[in-house]
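Structure file entry.cif with mmCIF, C-alpha atoms:
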```
data_upload
#
loop_
_atom_site.label_atom_id
_atom_site.label_comp_id
_atom_site.auth_asym_id
_atom_site.auth_seq_id
_atom_site.Cartn_x
_atom_site.Cartn_y
_atom_site.Cartn_z
CA MET A 20 12.00 -19.98 29.70
CA TYR A 21 9.49 -17.88 27.73
CA ALA A 22 11.27 -14.62 28.49
CA GLU A 23 14.67 -16.19 27.88
CA ASN A 24 13.56 -17.44 24.47
CA LYS A 25 12.22 -14.00 23.59
CA VAL A 26 15.51 -12.38 24.59
CA ASN A 27 17.52 -14.89 22.55
CA GLU A 28 15.34 -14.33 19.50
CA ARG A 29 15.57 -10.58 19.97
CA ARG A 30 19.35 -10.61 20.33
CA LYS A 31 19.69 -12.42 17.00
CA ALA A 32 17.48 -9.86 15.25
CA VAL A 33 19.37 -6.94 16.86
CA GLU A 34 22.68 -8.48 15.80
CA ASN A 35 21.42 -8.78 12.21
CA VAL A 36 20.36 -5.14 12.24
CA ASP A 37 23.52 -3.81 13.86
CA ASN A 38 25.85 -5.82 11.59
CA CYS A 39 24.13 -5.14 8.27
CA LYS A 40 26.47 -3.30 5.93
CA LEU A 41 23.74 -2.12 3.50
CA ALA A 42 26.11 -2.94 0.69
CA THR A 43 23.42 -4.13 -1.77
CA ALA A 44 19.72 -3.64 -2.39
CA GLU A 45 19.15 -7.31 -1.59
CA GLU A 46 20.33 -6.80 2.01
CA ILE A 47 17.81 -4.01 2.62
CA GLY A 48 14.79 -6.32 2.66
CA GLN A 49 16.07 -8.62 5.41
CA LEU A 50 17.45 -5.64 7.34
CA PHE A 51 14.06 -4.02 7.62
CA ILE A 52 12.25 -7.26 8.34
CA ASP A 53 14.62 -7.69 11.32
CA ASN A 54 14.42 -4.00 12.26
CA THR A 55 10.61 -4.11 12.26
CA LYS A 56 10.69 -7.23 14.44
CA VAL A 57 13.08 -5.54 16.90
CA ILE A 58 10.89 -2.44 17.27
CA TRP A 59 7.42 -3.99 17.10
CA ASP A 60 7.59 -7.64 18.16
CA HIS A 61 10.33 -7.06 20.71
CA LYS A 62 9.25 -3.53 21.70
CA LEU A 63 12.72 -1.96 21.54
CA VAL A 64 11.10 1.33 20.61
CA GLY A 65 14.31 3.29 21.17
CA LYS A 66 15.84 1.49 18.18
CA ILE A 67 13.75 3.83 16.05
CA TYR A 68 16.53 6.38 16.63
CA ASP A 69 18.95 4.08 14.75
CA PHE A 70 17.31 4.54 11.38
CA TYR A 71 14.92 7.47 11.58
CA SER A 72 16.38 10.93 11.04
CA ASP A 73 15.54 13.77 13.44
CA ASP A 74 13.41 15.53 10.84
CA ILE A 75 11.80 12.47 9.27
CA ILE A 76 8.47 13.06 7.53
CA VAL A 77 6.10 10.09 7.47
CA HIS A 78 3.40 10.90 4.93
CA ARG A 79 0.05 9.33 5.64
CA GLU A 80 -3.35 9.31 4.01
CA GLY A 81 -5.47 12.37 4.37
CA GLY A 82 -2.51 14.58 5.16
CA SER A 83 -2.13 13.21 8.70
CA ASP A 84 1.65 13.22 8.39
CA VAL A 85 3.92 12.38 11.32
CA VAL A 86 6.84 14.79 11.50
CA SER A 87 10.04 14.23 13.52
CA VAL A 88 11.51 11.13 15.08
CA GLN A 89 9.98 11.91 18.47
CA ASN A 90 6.49 11.84 16.99
CA VAL A 91 7.26 8.51 15.28
CA ILE A 92 8.24 7.18 18.70
CA ASN A 93 5.12 8.63 20.34
CA ASP A 94 2.91 7.09 17.66
CA THR A 95 4.61 3.70 18.02
CA LEU A 96 4.26 3.72 21.80
CA ALA A 97 0.57 4.55 21.57
CA LEU A 98 -0.12 1.71 19.15
CA GLN A 99 1.88 -0.82 21.18
CA ALA A 100 0.03 0.21 24.32
CA ALA A 101 -3.31 -0.31 22.57
CA PHE A 102 -2.25 -3.67 21.06
CA SER A 103 0.19 -5.38 23.44
CA ASP A 104 0.49 -8.50 21.24
CA LEU A 105 0.82 -6.59 17.96
CA LYS A 106 2.87 -8.35 15.30
CA ILE A 107 3.78 -7.06 11.87
CA GLU A 108 4.11 -9.88 9.35
CA PHE A 109 5.73 -9.24 5.99
CA HIS A 110 4.06 -10.25 2.76
CA ASN A 111 6.84 -8.78 0.61
CA ILE A 112 9.63 -6.20 0.55
CA PHE A 113 12.06 -5.22 -2.19
CA ALA A 114 14.59 -2.45 -2.70
CA VAL A 115 16.61 -0.66 -5.35
CA GLY A 116 19.66 1.56 -5.06
CA ASN A 117 23.29 1.44 -4.03
CA PRO A 118 25.59 2.53 -1.19
CA GLU A 119 26.57 5.76 -2.97
CA GLU A 120 23.15 7.16 -3.84
CA GLY A 121 21.04 5.47 -1.22
CA TYR A 122 18.16 3.06 -1.37
CA LYS A 123 14.41 3.04 -1.60
CA PHE A 124 12.18 0.15 -0.78
CA GLY A 125 8.51 -0.81 -0.86
CA GLN A 126 6.83 -3.26 1.46
CA ALA A 127 3.46 -4.87 2.07
CA VAL A 128 2.67 -6.18 5.57
CA TYR A 129 -0.14 -7.42 7.79
CA PHE A 130 -0.93 -6.27 11.32
CA GLU A 131 -2.16 -8.87 13.80
CA GLY A 132 -3.04 -8.12 17.39
CA THR A 133 -5.68 -7.58 20.06
CA ASN A 134 -6.91 -4.20 21.30
CA ASP A 135 -6.23 -5.02 24.95
CA GLY A 136 -5.05 -1.59 26.10
CA TYR A 137 -6.37 1.99 26.15
CA SER A 138 -6.22 3.98 22.94
CA LYS A 139 -7.21 7.48 21.87
CA PHE A 140 -10.75 6.12 21.53
CA GLY A 141 -11.01 4.84 25.09
CA PRO A 142 -10.92 1.49 26.87
CA PRO A 143 -9.88 -1.75 25.15
CA THR A 144 -12.45 -3.53 23.01
CA PHE A 145 -10.55 -6.86 22.82
CA LYS A 146 -11.34 -7.05 19.12
CA ARG A 147 -8.61 -8.34 16.80
CA LEU A 148 -6.69 -7.13 13.81
CA THR A 149 -5.99 -10.06 11.51
CA LYS A 150 -4.08 -10.90 8.38
CA GLU A 151 -7.41 -10.89 6.55
CA ASN A 152 -8.55 -7.44 7.63
CA CYS A 153 -5.46 -5.34 8.24
CA GLN A 154 -3.00 -4.80 5.42
CA GLY A 155 -0.39 -2.04 5.49
CA MET A 156 2.10 -0.74 2.92
CA CYS A 157 4.92 1.75 2.84
CA GLU A 158 7.78 3.18 0.83
CA CYS A 159 10.97 4.39 2.53
CA HIS A 160 13.97 6.34 1.28
CA LEU A 161 17.33 5.64 2.88
CA LYS A 162 20.35 7.94 2.68
CA VAL A 163 23.61 8.42 4.55
CA VAL A 164 23.23 11.42 6.86
CA ASP A 165 26.27 12.47 8.93
CA GLY A 166 27.88 9.13 8.26
CA ARG A 167 24.88 6.99 9.28
CA TRP A 168 22.16 5.33 7.23
CA LYS A 169 18.84 7.05 7.90
CA ILE A 170 15.27 6.81 6.65
CA VAL A 171 14.80 10.39 5.51
CA GLU A 172 11.26 10.10 4.16
CA GLU A 173 8.45 7.58 4.35
CA TRP A 174 4.99 7.16 2.87
CA THR A 175 2.81 4.74 4.74
CA THR A 176 -0.79 3.59 4.81
CA ARG A 177 -2.44 1.23 7.24
CA SER A 178 -6.00 -0.05 7.11
CA ALA A 179 -7.06 3.10 8.95
CA ASP A 180 -10.78 2.36 9.15
CA MET A 181 -10.09 -1.13 10.46
CA PHE A 182 -7.78 0.18 13.18
CA ASP A 183 -10.38 2.76 14.19
CA MET A 184 -13.17 0.20 14.24
CA ILE A 185 -11.19 -2.34 16.24
CA MET A 186 -10.33 0.37 18.80
CA GLY A 187 -13.93 1.48 19.02
CA GLY A 188 -13.53 4.75 17.15
CA LEU A 189 -15.66 3.83 14.15
CA SER A 190 -19.11 2.37 14.44
CA GLU A 191 -19.85 -0.92 12.77
CA GLU A 192 -22.96 0.84 11.50
CA ALA A 193 -20.80 3.30 9.52
CA PRO A 194 -21.49 3.58 5.77
CA VAL A 195 -18.75 1.04 5.16
CA LYS A 196 -18.77 -2.04 7.34
CA ALA A 197 -15.05 -2.26 7.53
CA ALA A 198 -15.21 -5.42 9.64
CA GLU A 199 -16.70 -7.50 6.86
CA PRO A 200 -14.23 -8.36 4.15
CA GLU A 201 -15.72 -7.11 0.89
CA VAL A 202 -15.18 -9.79 -1.71
CA VAL A 203 -16.52 -8.88 -5.14
CA GLU A 204 -16.21 -11.97 -7.30
CA ASN A 205 -16.64 -12.47 -10.98
CA GLU A 206 -20.18 -13.37 -11.94
CA ASP A 207 -19.63 -14.50 -15.50
CA GLN A 208 -16.46 -16.50 -15.30
CA GLU A 209 -16.88 -20.28 -15.04
CA GLU A 210 -13.98 -20.71 -12.71
CA THR A 211 -12.78 -18.25 -10.15
CA ASN A 212 -9.61 -18.52 -8.24
CA CYS A 213 -10.33 -17.46 -4.67
CA GLU A 214 -6.99 -18.66 -3.37
CA LYS A 215 -5.70 -16.06 -0.96
CA ASN A 216 -2.00 -15.37 -0.81
CA ASP A 217 -0.03 -16.99 1.99
CA MET B 188 -8.92 21.79 -29.16
CA LEU B 189 -8.55 19.84 -25.94
CA SER B 190 -10.50 16.77 -27.09
CA ASN B 191 -8.16 16.39 -30.06
CA GLU B 192 -5.15 16.58 -27.77
CA TYR B 193 -6.62 13.96 -25.48
CA ALA B 194 -7.51 11.67 -28.39
CA LYS B 195 -3.96 11.92 -29.71
CA ASP B 196 -2.45 11.23 -26.30
CA ILE B 197 -4.76 8.24 -25.77
CA LYS B 198 -3.74 6.80 -29.15
CA GLU B 199 -0.03 7.18 -28.40
CA LEU B 200 -0.33 5.72 -24.92
CA SER B 201 -2.51 2.85 -26.17
CA ASP B 202 0.04 1.97 -28.85
CA LYS B 203 2.80 1.97 -26.25
CA VAL B 204 0.78 -0.20 -23.85
CA GLU B 205 -0.55 -2.65 -26.44
CA ASN B 206 2.96 -3.25 -27.83
CA ALA B 207 4.87 -3.36 -24.55
CA GLU B 208 7.55 -6.03 -24.49
CA LEU B 209 8.84 -5.40 -20.95
CA ASN B 210 12.39 -6.45 -21.75
CA ASN B 211 13.90 -4.58 -18.80
CA ILE B 212 12.94 -2.57 -15.75
CA VAL B 213 13.08 0.75 -17.63
CA GLU B 214 10.49 -0.51 -20.12
CA VAL B 215 8.35 -1.84 -17.27
CA GLU B 216 8.22 1.56 -15.58
CA GLU B 217 7.40 3.34 -18.86
CA PHE B 218 4.67 0.80 -19.56
CA PHE B 219 3.22 1.12 -16.08
CA ARG B 220 3.04 4.93 -16.18
CA ALA B 221 1.35 4.83 -19.59
CA TYR B 222 -1.06 2.07 -18.52
CA MET B 223 -2.15 3.85 -15.33
CA LYS B 224 -2.63 7.16 -17.18
CA LEU B 225 -4.89 5.44 -19.69
CA ILE B 226 -7.05 3.76 -17.05
CA TRP B 227 -7.21 6.56 -14.46
CA ASP B 228 -6.79 9.86 -16.30
CA TYR B 229 -8.40 8.87 -19.57
CA LYS B 230 -10.95 6.42 -18.07
CA MET B 231 -9.97 3.66 -20.50
CA ILE B 232 -11.29 1.14 -17.99
CA GLY B 233 -11.51 -1.67 -20.53
CA MET B 234 -7.71 -1.65 -20.81
CA ILE B 235 -7.72 -3.49 -17.50
CA TYR B 236 -8.55 -6.63 -19.47
CA ASN B 237 -5.32 -6.24 -21.48
CA TYR B 238 -2.99 -6.98 -18.64
CA TYR B 239 -4.86 -8.10 -15.54
CA ASP B 240 -5.09 -11.88 -15.39
CA ASP B 241 -8.57 -13.45 -15.36
CA ASN B 242 -7.89 -14.81 -11.87
CA VAL B 243 -6.05 -11.82 -10.43
CA VAL B 244 -6.62 -11.08 -6.73
CA ILE B 245 -6.42 -7.44 -5.62
CA HIS B 246 -5.83 -7.24 -1.86
CA CYS B 247 -6.96 -3.87 -0.50
CA GLU B 248 -7.14 -2.33 2.94
CA ASN B 249 -9.67 -3.14 5.64
CA GLY B 250 -10.07 -6.70 4.43
CA LYS B 251 -11.43 -5.84 1.01
CA GLU B 252 -10.46 -8.24 -1.79
CA LEU B 253 -11.36 -8.13 -5.45
CA VAL B 254 -11.26 -11.63 -6.90
CA GLY B 255 -11.02 -11.86 -10.68
CA VAL B 256 -10.64 -9.28 -13.42
CA GLU B 257 -14.38 -8.49 -13.63
CA ALA B 258 -14.47 -7.55 -9.96
CA PHE B 259 -11.57 -5.18 -10.49
CA VAL B 260 -13.20 -3.61 -13.55
CA LYS B 261 -16.44 -3.12 -11.61
CA ASP B 262 -14.66 -1.55 -8.63
CA THR B 263 -12.61 0.79 -10.83
CA SER B 264 -15.70 1.81 -12.76
CA ALA B 265 -17.51 2.67 -9.52
CA LEU B 266 -14.63 4.77 -8.24
CA LEU B 267 -14.19 6.68 -11.49
CA ALA B 268 -17.94 7.29 -11.71
CA ALA B 269 -17.75 8.85 -8.24
CA PHE B 270 -14.66 10.90 -9.23
CA PRO B 271 -14.98 11.42 -12.98
CA ASP B 272 -12.26 14.10 -13.02
CA ALA B 273 -9.81 11.79 -11.19
CA LYS B 274 -6.13 12.07 -12.01
CA LEU B 275 -3.47 9.65 -10.79
CA ILE B 276 -0.26 11.44 -9.91
CA ILE B 277 2.52 8.85 -9.92
CA GLU B 278 5.37 10.11 -7.76
CA ASP B 279 7.63 7.06 -7.69
CA VAL B 280 7.99 3.59 -9.17
CA ILE B 281 10.30 0.83 -7.91
CA VAL B 282 10.82 -2.16 -10.23
CA VAL B 283 12.83 -5.33 -9.66
CA GLY B 284 13.06 -8.48 -11.74
CA ASN B 285 13.85 -9.50 -15.27
CA VAL B 286 12.26 -10.67 -18.49
CA ASP B 287 12.64 -14.37 -17.59
CA ASP B 288 11.39 -14.42 -13.99
CA GLY B 289 8.92 -11.56 -14.23
CA TYR B 290 8.77 -8.30 -12.33
CA GLN B 291 7.66 -6.85 -9.03
CA LEU B 292 6.65 -3.23 -9.08
CA PHE B 293 5.88 -0.85 -6.22
CA SER B 294 4.34 2.51 -6.94
CA ARG B 295 3.54 5.57 -4.85
CA ARG B 296 0.73 7.72 -6.16
CA TYR B 297 -1.83 10.29 -5.17
CA VAL B 298 -5.37 10.38 -6.50
CA ASP B 299 -6.87 13.82 -6.99
CA GLY B 300 -10.45 14.43 -8.02
CA THR B 301 -13.89 15.72 -7.05
CA ASN B 302 -16.84 13.64 -5.86
CA LEU B 303 -19.12 14.58 -8.71
CA GLY B 304 -20.96 11.28 -9.08
CA ALA B 305 -22.95 8.97 -6.82
CA SER B 306 -21.16 6.26 -4.89
CA LYS B 307 -21.97 3.53 -2.38
CA TYR B 308 -21.78 6.26 0.27
CA GLY B 309 -24.57 8.32 -1.29
CA PRO B 310 -25.12 11.23 -3.67
CA PRO B 311 -22.17 13.37 -4.81
CA THR B 312 -20.81 15.78 -2.22
CA GLY B 313 -18.68 18.01 -4.43
CA LYS B 314 -15.75 17.51 -2.04
CA LYS B 315 -12.24 17.30 -3.43
CA LEU B 316 -9.73 14.60 -2.54
CA GLY B 317 -6.82 17.03 -2.70
CA LYS B 318 -3.24 15.85 -2.92
CA VAL B 319 -3.54 13.82 0.27
CA CYS B 320 -5.20 10.70 -1.11
CA LEU B 321 -2.10 8.51 -0.86
CA ASN B 322 -2.27 5.39 -2.96
CA LEU B 323 0.37 2.63 -2.68
CA SER B 324 0.47 -0.44 -4.88
CA MET B 325 2.61 -3.54 -5.25
CA ILE B 326 2.07 -5.75 -8.30
CA ILE B 327 3.53 -8.94 -9.70
CA ILE B 328 3.81 -9.22 -13.48
CA LYS B 329 4.58 -12.58 -15.03
CA LYS B 330 4.34 -14.20 -18.44
CA ILE B 331 1.33 -16.49 -18.66
CA ASP B 332 0.99 -18.39 -21.96
CA ASN B 333 3.57 -16.05 -23.41
CA LYS B 334 1.57 -12.92 -22.51
CA TRP B 335 2.49 -10.47 -19.75
CA LYS B 336 -0.13 -10.54 -17.01
CA ILE B 337 -0.57 -8.83 -13.64
CA ILE B 338 -1.35 -11.79 -11.43
CA ASP B 339 -1.42 -10.21 -7.97
CA GLU B 340 -1.79 -6.75 -6.51
CA ARG B 341 -1.66 -5.31 -3.00
CA CYS B 342 -3.13 -1.84 -2.96
CA MET B 343 -3.93 0.81 -0.38
CA HIS B 344 -6.32 3.48 -1.62
CA SER B 345 -6.71 5.75 1.41
CA ALA B 346 -10.18 4.25 1.75
CA ARG B 347 -10.99 6.34 4.80
CA TRP B 348 -10.18 9.56 2.96
CA ILE B 349 -12.26 8.52 -0.03
CA ARG B 350 -15.15 7.63 2.28
CA LYS B 351 -14.95 11.04 3.93
CA ALA B 352 -14.91 12.78 0.55
CA CYS B 353 -18.02 10.85 -0.50
CA THR B 354 -19.93 11.46 2.74
CA MET B 355 -21.89 14.59 3.49
CA ASP B 356 -20.91 16.38 6.69
CA ASN B 357 -23.60 16.17 9.40
#
```
Please lay out the structure from this file as C-alpha cells.
Amino acid sequence: MYAENKVNERRKAVENVDNCKLATAEEIGQLFIDNTKVIWDHKLVGKIYDFYSDDIIVHREGGSDVVSVQNVINDTLALQAAFSDLKIEFHNIFAVGNPEEGYKFGQAVYFEGTNDGYSKFGPPTFKRLTKENCQGMCECHLKVVDGRWKIVEEWTTRSADMFDMIMGGLSEEAPVKAAEPEVVENEDQEETNCEKND
Amino acid sequence: MLSNEYAKDIKELSDKVENAELNNIVEVEEFFRAYMKLIWDYKMIGMIYNYYDDNVVIHCENGKELVGVEAFVKDTSALLAAFPDAKLIIEDVIVVGNVDDGYQLFSRRYVDGTNLGASKYGPPTGKKLGKVCLNLSMIIIKKIDNKWKIIDERCMHSARWIRKACTMDN
C-alpha cells in the first residue's frame, strides 16, 4: 500500500509537469514545485533531462559550478545516495516572463533528510538536515531551445557548511559551529518578534 | 576628486531611496538597486533602519537567523568591517506584486572585497572574495502604517566562501 500510494502521488506530479503549457509566469511556480518533487522526492532522476539543457551551467558559491546536464545528474545521484529520505520543501517561488521571451524564477527552499548513505566524506553519520538548519535558494532562466522549454542557466546556493558538517566533512569544532543556529536578537527593543516563518 | 564624486553619488542615491514611492515593479527595482548600493558600496549602514521593519527576520544559511533590525545592523556592520572595500554586484532582480498588496523581490548578486579587517574568524587575511561569492536574496516589502517596510528576508551569503576568505591557510 505504501509503494502504491507513492506511485499514485508520483503519477499526479508527473502528469502536472508533462501537461504544463508554461503559458504564464504564474504556472511556472507550480510546475517547478512538481518537477522538484518528481526528481527529488520520487527519485525520477532521469526527468532532469526534460528541463535541463545539455550545456547547462549551474553557478554555485565559490566558483564550484556544475557544467552539463550529466554532471547535474551525477550530483543529484550522489546527494540522493547520501540522504535517502531527502525532501525539498518550498518556502516560496515566483516567476516573471512570457512564452515568447522565456521566464526566470527565484525560489527559497528547505532541505530535510538523514545522512544514511555514503558520501564523498565517507560513511553515513545519521545526522539530519532540518528546516531550521538547511535553507537553499536558486534562480533559473528558462528558454525554448529546439522547440522545448529548457533551463539554460541556474544560480544556486545550499547551506554548504551544514551539508558538509552533517556528512562528516566539517568538524563541529570548526571556527563556525554551523550546527548551532546563530540567533542574534535585538538587545534594546522592548518586544522582539521571534516568530519563525512557516 | 574621488571623495567629491562619492559624496555626490551618495546624496543622489539617498534622495532616491528616501523618497521612494514604489508605485510599480520598475520603481521597486530602481529603489532596491539604489538602496543596496548605499548600504554595501557606500557603507551607509544606518540606512537599514529606513526600510527594514523593527521585527524583521532574516533567514540565512546553515540555520543562522537575525531577529530584529538591530541584529541585522550588527551583522552587516561586522561583515563590512571585515571587508571594508566590499562591493555588491547586482546581476539580476525579479519583482512581482503591486502597490496595494506589496512586493516580493528576488535578487542575484556577487560580493567582491578583501578581508582587510578582523572578523569572528580571526585577524584579517588579505584574501579576496573574487567574483565567486554568490549572494541570493528574497525579500517581502509591505506597507506597515503607511510606510514601506521589508518584513522578511531569505538570504544566502556564500557563508562557506566568506569563512574561507577570513581564515588563514594552515
Quick check, in Å to one decimal: how far apart do CA of Gly284 (chain B) and CA of Phe259 (chain B) lie?
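Taking CA of Gly284 (chain B) as the start and CA of Phe259 (chain B) as the end point, the length is 24.9 Å.
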Could you tell me which residues of chain B sit within 8 Å of chain A when counting all atoms listed in the file, and give me the result as a PyMOL selection string?
chain B and resi 242-244+247-258+281-283+293+295+308+319-321+323-325+341-343+345-348
Write the residues of the preceding selection, restricted to C-alpha atoms, as a compact mmCIF listing (two decimals), in the coordinates of the input.
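New file again-v2.txt:
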```txt
# COMPACT_ATOMS: atom_id res chain seq x y z
CA ASN B 242 -7.89 -14.81 -11.87
CA VAL B 243 -6.05 -11.82 -10.43
CA VAL B 244 -6.62 -11.08 -6.73
CA CYS B 247 -6.96 -3.87 -0.50
CA GLU B 248 -7.14 -2.33 2.94
CA ASN B 249 -9.67 -3.14 5.64
CA GLY B 250 -10.07 -6.70 4.43
CA LYS B 251 -11.43 -5.84 1.01
CA GLU B 252 -10.46 -8.24 -1.79
CA LEU B 253 -11.36 -8.13 -5.45
CA VAL B 254 -11.26 -11.63 -6.90
CA GLY B 255 -11.02 -11.86 -10.68
CA VAL B 256 -10.64 -9.28 -13.42
CA GLU B 257 -14.38 -8.49 -13.63
CA ALA B 258 -14.47 -7.55 -9.96
CA ILE B 281 10.30 0.83 -7.91
CA VAL B 282 10.82 -2.16 -10.23
CA VAL B 283 12.83 -5.33 -9.66
CA PHE B 293 5.88 -0.85 -6.22
CA ARG B 295 3.54 5.57 -4.85
CA TYR B 308 -21.78 6.26 0.27
CA VAL B 319 -3.54 13.82 0.27
CA CYS B 320 -5.20 10.70 -1.11
CA LEU B 321 -2.10 8.51 -0.86
CA LEU B 323 0.37 2.63 -2.68
CA SER B 324 0.47 -0.44 -4.88
CA MET B 325 2.61 -3.54 -5.25
CA ARG B 341 -1.66 -5.31 -3.00
CA CYS B 342 -3.13 -1.84 -2.96
CA MET B 343 -3.93 0.81 -0.38
CA SER B 345 -6.71 5.75 1.41
CA ALA B 346 -10.18 4.25 1.75
CA ARG B 347 -10.99 6.34 4.80
CA TRP B 348 -10.18 9.56 2.96
```
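Atom pair CA of Ser190 (chain A) / CA of Phe102 (chain A): separated by 19.1 Å.
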Which residues fall under the PyMOL selection byres ((chain A and resi 132) around 10) in this file, as a list in words?
Gln99, Ala101, Phe102, Ser103, Asp104, Leu105, Lys106, Ile107, Phe130, Glu131, Thr133, Asn134, Asp135, Phe145, Lys146, Arg147, Leu148, Thr149, Lys150 and Cys153 of chain A
Between CA of Tyr137 (chain A) and CA of Arg30 (chain A), what is the spacing in Å?
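Here the two named atoms are 29.2 Å from each other.
Each of B:Leu267, B:Ile235, B:Met188, B:Ile349 was compared to Val204 (chain B) using only C-alpha atoms, and B:Ile235 turns out to be the nearest.
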Could you pull the residues within 12 Å of region 64-67 of chain A, counting only C-alpha atoms, minus those fewer than 5 positions along the same chain, as a CSV table (one decimal) with C-alpha atoms, in the coordinates of the input?
```
chain,number,residue,atom,x,y,z
A,32,ALA,CA,17.5,-9.9,15.2
A,33,VAL,CA,19.4,-6.9,16.9
A,36,VAL,CA,20.4,-5.1,12.2
A,37,ASP,CA,23.5,-3.8,13.9
A,51,PHE,CA,14.1,-4.0,7.6
A,53,ASP,CA,14.6,-7.7,11.3
A,54,ASN,CA,14.4,-4.0,12.3
A,55,THR,CA,10.6,-4.1,12.3
A,56,LYS,CA,10.7,-7.2,14.4
A,57,VAL,CA,13.1,-5.5,16.9
A,58,ILE,CA,10.9,-2.4,17.3
A,59,TRP,CA,7.4,-4.0,17.1
A,72,SER,CA,16.4,10.9,11.0
A,73,ASP,CA,15.5,13.8,13.4
A,75,ILE,CA,11.8,12.5,9.3
A,87,SER,CA,10.0,14.2,13.5
A,88,VAL,CA,11.5,11.1,15.1
A,89,GLN,CA,10.0,11.9,18.5
A,90,ASN,CA,6.5,11.8,17.0
A,91,VAL,CA,7.3,8.5,15.3
A,92,ILE,CA,8.2,7.2,18.7
A,93,ASN,CA,5.1,8.6,20.3
A,94,ASP,CA,2.9,7.1,17.7
A,95,THR,CA,4.6,3.7,18.0
A,96,LEU,CA,4.3,3.7,21.8
A,97,ALA,CA,0.6,4.6,21.6
A,98,LEU,CA,-0.1,1.7,19.2
A,99,GLN,CA,1.9,-0.8,21.2
A,100,ALA,CA,0.0,0.2,24.3
A,169,LYS,CA,18.8,7.0,7.9
A,170,ILE,CA,15.3,6.8,6.6
```
Assuming the chain letters and numbering stay as they are in my file, what does the PyMOL selection byres ((chain B and resi 314) around 10) actually select? List them as a list in words.
Phe270, Gly300, Thr301, Asn302, Leu303, Pro311, Thr312, Gly313, Lys315, Leu316, Gly317, Ile349, Lys351, Ala352, Cys353, Thr354 and Met355 of chain B
Residues within 10 Å of Tyr122 (chain A), please, as a VMD selection string. Count all atoms listed in the file; anything in the same chain fewer than 5 positions from it doesn't count.
chain A and resid 41 43 to 44 47 114 to 117 159 to 163 168 170
Picked residues, the PyMOL selection byres ((chain B and resi 330) around 10), expected as a list in words:
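Taken over the shown coordinates, the PyMOL selection byres ((chain B and resi 330) around 10) returns Val286, Asp287, Asp288, Gly289, Tyr290, Ile328, Lys329, Ile331, Asp332, Asn333, Lys334, Trp335, Lys336, Ile337 and Ile338 of chain B.
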Counting all atoms listed in the file, figure out which residue out of A:Met186, A:Val164, A:Val85, A:Val171 gets nearest to Pro143 (chain A).
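When distances to Pro143 (chain A) are compared using all atoms listed in the file, the smallest one comes from A:Met186.
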Of the candidates B:Lys198, B:Arg220, B:Lys307, B:Lys274, which shows the shortest atom-to-atom distance to Asp262 (chain B), using all atoms listed in the file?
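Ranking B:Lys198, B:Arg220, B:Lys307, B:Lys274 by distance to Asp262 (chain B), first place goes to B:Lys307.
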